[in-house]
Amino acid sequence: MSVDIPFGAVGANVRKLESAEKLTGAAQYIADLSRPNMLHAAIVQSDVAHARILGYDLTAALAVPGVAAILTGADFPDGRMGAFIKDEHAIAKGKIRYFGEPVAVVAAEDEETARAAAKLVVVDYEELPAILSPEAGLAPDAAIIHEELESYLKVFPAICDGNMASYTELSEGDVEAGFAEADVIVEGEFETAPQAHLAIEPVGALAEIDSQGRITLWSANQSVFRVQANVCESLNLPMSKLRCLTPRIGGGFGNKMEPHIQPLVVRLTQVTGRPVKLILNREEDFECVRARHPFKIRCRTGAKKDGTLVAREMDVLLDCGAFGDDSPGVLGYSLLMSRGPYRIPNVKCHGKLVYTNKMRFGAYRGFGNPQVSFAAEQQLDEIAAKLGMDPLDLREKNLLQPGDAWFGGGKVASNGLADCIAAARNASDWDSRTARPAPKGKRRGTGVALGAHISGLLGTGAIVRVLEDGSIVLNTGAVDIGQGSDTVLVQMCAEALKVPVEKISLASPDTDGSPYNWGTTASRVTYTTGRAVVGASKEVEKQLKDHAAQMLECAVGDLELRPGGMVGVTGSDKEVSFHQISLRAHWGAGGPIVGHHTLVFDQPTVDPKRAIAKGLPFPQIGVYSFICTVVDTLTDEVSGKTEVDEVWTGVDVGKAINPSLVIGQMDGGFVQGMGFALCEEMVWDGPKLANPTLLDYKVPTTLDAPYRMHTTIVDAPEPDGPFGAKGAGEIGLVPVPAAIANAIASAIGNRLHSLPMKPEKVFRAMTEHDDAA
């Protein structure tokens, strides 16, 4: 398919709109905001993992000069919030469910006083047995973490019982018959560690109440509308009484999509009548927000002797943490992606999500996809080795073809994966990989993995207004968390109306004035919100032409948009400007020109005629981006430390609206995935997180990132995408752990089944292979 893009804003490497303010330090984050007469808050965290709260002693804390209020669970309504299961109060209320959970919150004249008073709060509790693993949570005699689970509101057909928060199953074909016809079967168990989101900016919020009791809330978030919903659900507050806004955001990766401390500051400002600001320090952010799920995976894959894949079965077990959050969605989506971008006719995947007494786990860039890909893509390399095939040739033989459906039957309208493979194969000189030398004392390995990711999900909207002077204001409600969506959406609007990017201003997300947008997550803004932007722009074009037809005394069908904000008669020099048209609309006839467009993604996830689904949380999800990643690694023979030497990526994101931003997402996603693969791991000492600081939690720096990263963007336009675009935010991370694992295996002759692949693990596997040789 070809998409007509005549003007030039789309496809241009436009600099991010906010670059100058960030470079000069003028950007305003939560930490930079203040209000007159503002109080500062601090949280009190639990020092046990599971307990009934018997009472509080606030005497000493309230006696600290400057303390304005201390709130506990007794001071909060009984509302519950949650993306899929309404199981979470704003603060521990009656029961503590994880070590570090907020049990009280203090407001004082300054942060130092608030933190000092917080240390004096005493909580009286009756300790209960702590559940610290999914297996322990499923044991017959396990303590129940949510006794009221059956009565909680669920927004999907949840299958739950005891400590099992959710069970999901998805199957297609006859998996036993598939394995019966397989000539080679590989199976194994895989495990991934929890990973901290580690955005540069910890979470924070600032609330202010007016004389009518209406509250304005600024917070670090990925959706002002999710903030509004969560706060109002937890505090039993009408949504009309809460206005939510977003300043600049210092990264999110999923950590700021669902609630954190926003309900606490809102309740404090209700009680005190004063503005209240709360920002978590790094240790608190580690301990009581959310992290990537640890996975335990059992995977079995079968193939014929010619390399044709015939069957796969996968079983996953997820630690939910103390609350549901986005976990049911992560479980369901991981199973949807477990077949990968391949033709495998017989697949059965199932999984359990289990409550534990750990911090909540939630959505993190890729949300379950990198974990299942780590297992599945390694098994393809194992099959290739058993059959004597090239790993990339095996993948090419089994690729989804144009017209093929996704696992479950979802539509795949565009698929540039074959071109992605060709690009990565050629750029990496894959066929000559074994001839590349390694420095003395190191072993070189080359690995590959493929991936896919979605970008169509839930509802969104856009409003485009033409001001009196002909300039444009775009309002979408989408939050830019650093990835550049503000810039991309403006480029789309500029392209649709043929005006310079400089003539368009973007309104900040505001629940009072922005159209609804579910959130900046699931790689959905470019595709989903972009469709709304194009739709609203087309409505503006229609109104402009209606006015111009009367002004130029011609038929609407004779008119065309011209670059620079003009409407002209086709084949003539007769034209009028947006400025002239808007003046007429504002002062003479018709009224101000405003275009709006809303939509909800309505493509079914599953075709019931070809697949069976149970407990699936996303009934409508789709639009697939594709990727092929090849990596070269060097493993030290003495220490086992592995470094990534070079990376080659071919990626299909439909039409790249801003190629430089796409490449930035690929590079950033790779380094984040490299951290997941090689070094990042949240470690618990019993119920307590043992490494909640950057001294102990190891994350890649610029010195660890490979200097040579090469990305080829494949042009494979999505038919209903805005100018053919699909999502790009997460796809770059998805195949990275698997590609690195395959590279390490090729270097040391042994395969690792758990993340992170730290030096001691690699060294042990390397020496085991060498000793056996």
# chains A, B, ... in the order shown; residues from 1 in each chain; ligands from 1
$ residues_around --residues "region 78-90 of chain A" --least-positions-apart "2" --cutoff "6 Å" --atoms "only C-alpha atoms" --output "count of residues only"
13
$ closest_atom_pairs --of "region 91-161 of chain A" --to "region 269-285 of chain A" --cutoff "12 Å" --atoms "only C-alpha atoms" --output "Markdown table"
| residue | atom | partner | partner_atom | distance |
| --- | --- | --- | --- | --- |
| A:Phe99 | CA | A:Glu284 | CA | 11.3 |
| A:Gly100 | CA | A:Glu284 | CA | 7.9 |
| A:Glu101 | CA | A:Glu284 | CA | 9.6 |
| A:Pro102 | CA | A:Glu284 | CA | 9.7 |
| A:Val105 | CA | A:Leu278 | CA | 9.7 |
| A:Val106 | CA | A:Leu278 | CA | 9.7 |
| A:Ala107 | CA | A:Val276 | CA | 7.3 |
| A:Ala108 | CA | A:Val276 | CA | 8.9 |
| A:Glu109 | CA | A:Val276 | CA | 9.6 |
| A:Asp110 | CA | A:Lys277 | CA | 9.8 |
| A:Glu111 | CA | A:Leu278 | CA | 8.4 |
| A:Glu112 | CA | A:Leu278 | CA | 11.8 |
| A:Ala114 | CA | A:Leu278 | CA | 9.9 |
| A:Arg115 | CA | A:Leu278 | CA | 10.8 |
$ atom_distance --atom1 "CA of His293 (chain A)" --atom2 "CA of Val600 (chain A)"
27.8 Å
$ residues_around --residues "Ala220 (chain A)" --least-positions-apart "4" --cutoff "6 Å" --atoms "only C-alpha atoms" --output "PDB file with N, CA, C and O atoms, in the first residue's frame"
ATOM      1  N   VAL A 203       8.323   9.671  41.536  1.00  0.00           N
ATOM      2  CA  VAL A 203       6.938  10.125  41.459  1.00  0.00           C
ATOM      3  C   VAL A 203       6.692  11.262  42.448  1.00  0.00           C
ATOM      4  O   VAL A 203       7.332  11.360  43.499  1.00  0.00           O
ATOM      5  N   GLY A 204       5.763  12.133  42.074  1.00  0.00           N
ATOM      6  CA  GLY A 204       5.414  13.267  42.922  1.00  0.00           C
ATOM      7  C   GLY A 204       4.056  13.811  42.551  1.00  0.00           C
ATOM      8  O   GLY A 204       3.516  13.522  41.469  1.00  0.00           O
ATOM      9  N   ILE A 249       7.296  15.511  32.329  1.00  0.00           N
ATOM     10  CA  ILE A 249       7.470  14.227  32.986  1.00  0.00           C
ATOM     11  C   ILE A 249       8.882  13.712  32.707  1.00  0.00           C
ATOM     12  O   ILE A 249       9.315  13.662  31.560  1.00  0.00           O
TER      13      ILE A 249
END
$ select_by_dssp --residues "region 127-320 of chain A" --states "strand (DSSP E)" --output "ChimeraX atom specification"
/A:127,164-172,184-192,204-209,215-219,242-245,276-279,295-303,309-320
$ residues_around --residues "Asp161 (chain A)" --least-positions-apart "5" --cutoff "8 Å" --atoms "only C-alpha atoms" --output "list in words"
Leu149, Glu150 and Ser166 of chain A
$ residues_around --residues "Ala118 (chain A)" --least-positions-apart "4" --cutoff "12 Å" --atoms "only C-alpha atoms" --output "PyMOL selection string"
chain A and resi 40-46+57-64+67+69-72+102-108+111-114+122-123
$ closest_residue --among "A:Ala363, A:Val653, A:Leu138, A:Leu23" --to "Gly162 (chain A)" --atoms "only C-alpha atoms"
A:Leu138
$ residues_around --residues "Phe407 (chain A)" --least-positions-apart "4" --cutoff "10 Å" --atoms "only C-alpha atoms" --output "ChimeraX atom specification"
/A:170-172,335-347,411,605-607,610-611
$ closest_residue --among "A:Gly445, A:Gly675, A:Pro563, A:Gly530" --to "Asn750 (chain A)" --atoms "only C-alpha atoms"
A:Gly445
$ residues_around --residues "His597 (chain A)" --least-positions-apart "3" --cutoff "7 Å" --atoms "only C-alpha atoms" --output "ChimeraX atom specification"
/A:461-463,532,535-536
$ closest_residue --among "A:Gln491, A:Asn475, A:Thr246, A:Asn517" --to "Ala656 (chain A)" --atoms "only C-alpha atoms"
A:Gln491
$ atom_distance --atom1 "CA of Val623 (chain A)" --atom2 "CA of Gly408 (chain A)"
13.7 Å
$ decode --residues "region 666-680 of chain A" --atoms "all heavy atoms" --output "short mmCIF file (atom, residue, chain, number, x, y, z; two decimals), in the first residue's frame"
data_model
loop_
_atom_site.label_atom_id
_atom_site.label_comp_id
_atom_site.auth_asym_id
_atom_site.auth_seq_id
_atom_site.Cartn_x
_atom_site.Cartn_y
_atom_site.Cartn_z
N MET A 666 14.53 3.11 19.46
CA MET A 666 15.21 1.83 19.29
C MET A 666 16.47 1.77 20.16
O MET A 666 16.74 0.78 20.84
CB MET A 666 15.59 1.60 17.82
CG MET A 666 14.41 1.47 16.87
SD MET A 666 13.17 0.25 17.36
CE MET A 666 11.82 1.35 17.82
N ASP A 667 17.25 2.84 20.16
CA ASP A 667 18.47 2.87 20.97
C ASP A 667 18.15 2.80 22.46
O ASP A 667 18.76 2.03 23.21
CB ASP A 667 19.28 4.14 20.68
CG ASP A 667 19.88 4.16 19.29
OD1 ASP A 667 19.83 3.12 18.60
OD2 ASP A 667 20.40 5.22 18.87
N GLY A 668 17.18 3.61 22.89
CA GLY A 668 16.81 3.61 24.30
C GLY A 668 16.23 2.28 24.74
O GLY A 668 16.54 1.77 25.82
N GLY A 669 15.36 1.71 23.90
CA GLY A 669 14.78 0.41 24.22
C GLY A 669 15.83 -0.67 24.31
O GLY A 669 15.77 -1.55 25.17
N PHE A 670 16.83 -0.60 23.42
CA PHE A 670 17.88 -1.61 23.46
C PHE A 670 18.66 -1.54 24.77
O PHE A 670 18.89 -2.57 25.42
CB PHE A 670 18.86 -1.48 22.28
CG PHE A 670 19.90 -2.56 22.31
CD1 PHE A 670 19.65 -3.77 21.69
CD2 PHE A 670 21.09 -2.40 23.01
CE1 PHE A 670 20.57 -4.80 21.76
CE2 PHE A 670 22.01 -3.42 23.09
CZ PHE A 670 21.76 -4.63 22.45
N VAL A 671 19.07 -0.35 25.17
CA VAL A 671 19.88 -0.24 26.38
C VAL A 671 19.07 -0.66 27.61
O VAL A 671 19.60 -1.32 28.52
CB VAL A 671 20.42 1.20 26.54
CG1 VAL A 671 21.15 1.37 27.86
CG2 VAL A 671 21.36 1.53 25.38
N GLN A 672 17.79 -0.31 27.65
CA GLN A 672 16.95 -0.74 28.77
C GLN A 672 16.80 -2.27 28.77
O GLN A 672 16.85 -2.90 29.83
CB GLN A 672 15.58 -0.07 28.66
CG GLN A 672 14.84 0.03 29.98
CD GLN A 672 13.71 1.03 29.90
OE1 GLN A 672 13.10 1.23 28.84
NE2 GLN A 672 13.39 1.66 31.02
N GLY A 673 16.64 -2.86 27.60
CA GLY A 673 16.58 -4.31 27.49
C GLY A 673 17.89 -4.97 27.83
O GLY A 673 17.93 -6.07 28.40
N MET A 674 18.98 -4.31 27.50
CA MET A 674 20.31 -4.83 27.84
C MET A 674 20.50 -4.88 29.36
O MET A 674 21.05 -5.82 29.91
CB MET A 674 21.38 -3.95 27.21
CG MET A 674 22.80 -4.44 27.39
SD MET A 674 24.02 -3.32 26.65
CE MET A 674 24.01 -2.00 27.87
N GLY A 675 19.99 -3.83 30.05
CA GLY A 675 20.04 -3.85 31.51
C GLY A 675 19.25 -5.01 32.07
O GLY A 675 19.69 -5.70 33.00
N PHE A 676 18.04 -5.23 31.53
CA PHE A 676 17.19 -6.35 31.95
C PHE A 676 17.92 -7.68 31.73
O PHE A 676 17.84 -8.59 32.56
CB PHE A 676 15.90 -6.29 31.13
CG PHE A 676 14.84 -7.28 31.52
CD1 PHE A 676 14.62 -7.67 32.83
CD2 PHE A 676 14.01 -7.82 30.53
CE1 PHE A 676 13.62 -8.57 33.15
CE2 PHE A 676 13.00 -8.72 30.85
CZ PHE A 676 12.81 -9.10 32.17
N ALA A 677 18.67 -7.77 30.63
CA ALA A 677 19.34 -9.01 30.27
C ALA A 677 20.58 -9.28 31.11
O ALA A 677 20.85 -10.44 31.46
CB ALA A 677 19.71 -8.98 28.79
N LEU A 678 21.35 -8.26 31.42
CA LEU A 678 22.70 -8.49 31.94
C LEU A 678 22.93 -8.10 33.39
O LEU A 678 23.83 -8.67 34.03
CB LEU A 678 23.72 -7.74 31.06
CG LEU A 678 23.83 -8.20 29.61
CD1 LEU A 678 24.82 -7.33 28.84
CD2 LEU A 678 24.25 -9.67 29.55
N CYS A 679 22.17 -7.13 33.93
CA CYS A 679 22.58 -6.67 35.25
C CYS A 679 21.45 -6.26 36.19
O CYS A 679 21.64 -6.29 37.41
CB CYS A 679 23.57 -5.50 35.12
SG CYS A 679 22.90 -4.06 34.25
N GLU A 680 20.30 -5.87 35.70
CA GLU A 680 19.28 -5.31 36.59
C GLU A 680 18.49 -6.43 37.29
O GLU A 680 17.99 -7.34 36.64
CB GLU A 680 18.33 -4.41 35.80
CG GLU A 680 19.00 -3.15 35.28
CD GLU A 680 18.01 -2.17 34.71
OE1 GLU A 680 17.03 -1.83 35.41
OE2 GLU A 680 18.19 -1.75 33.55
#
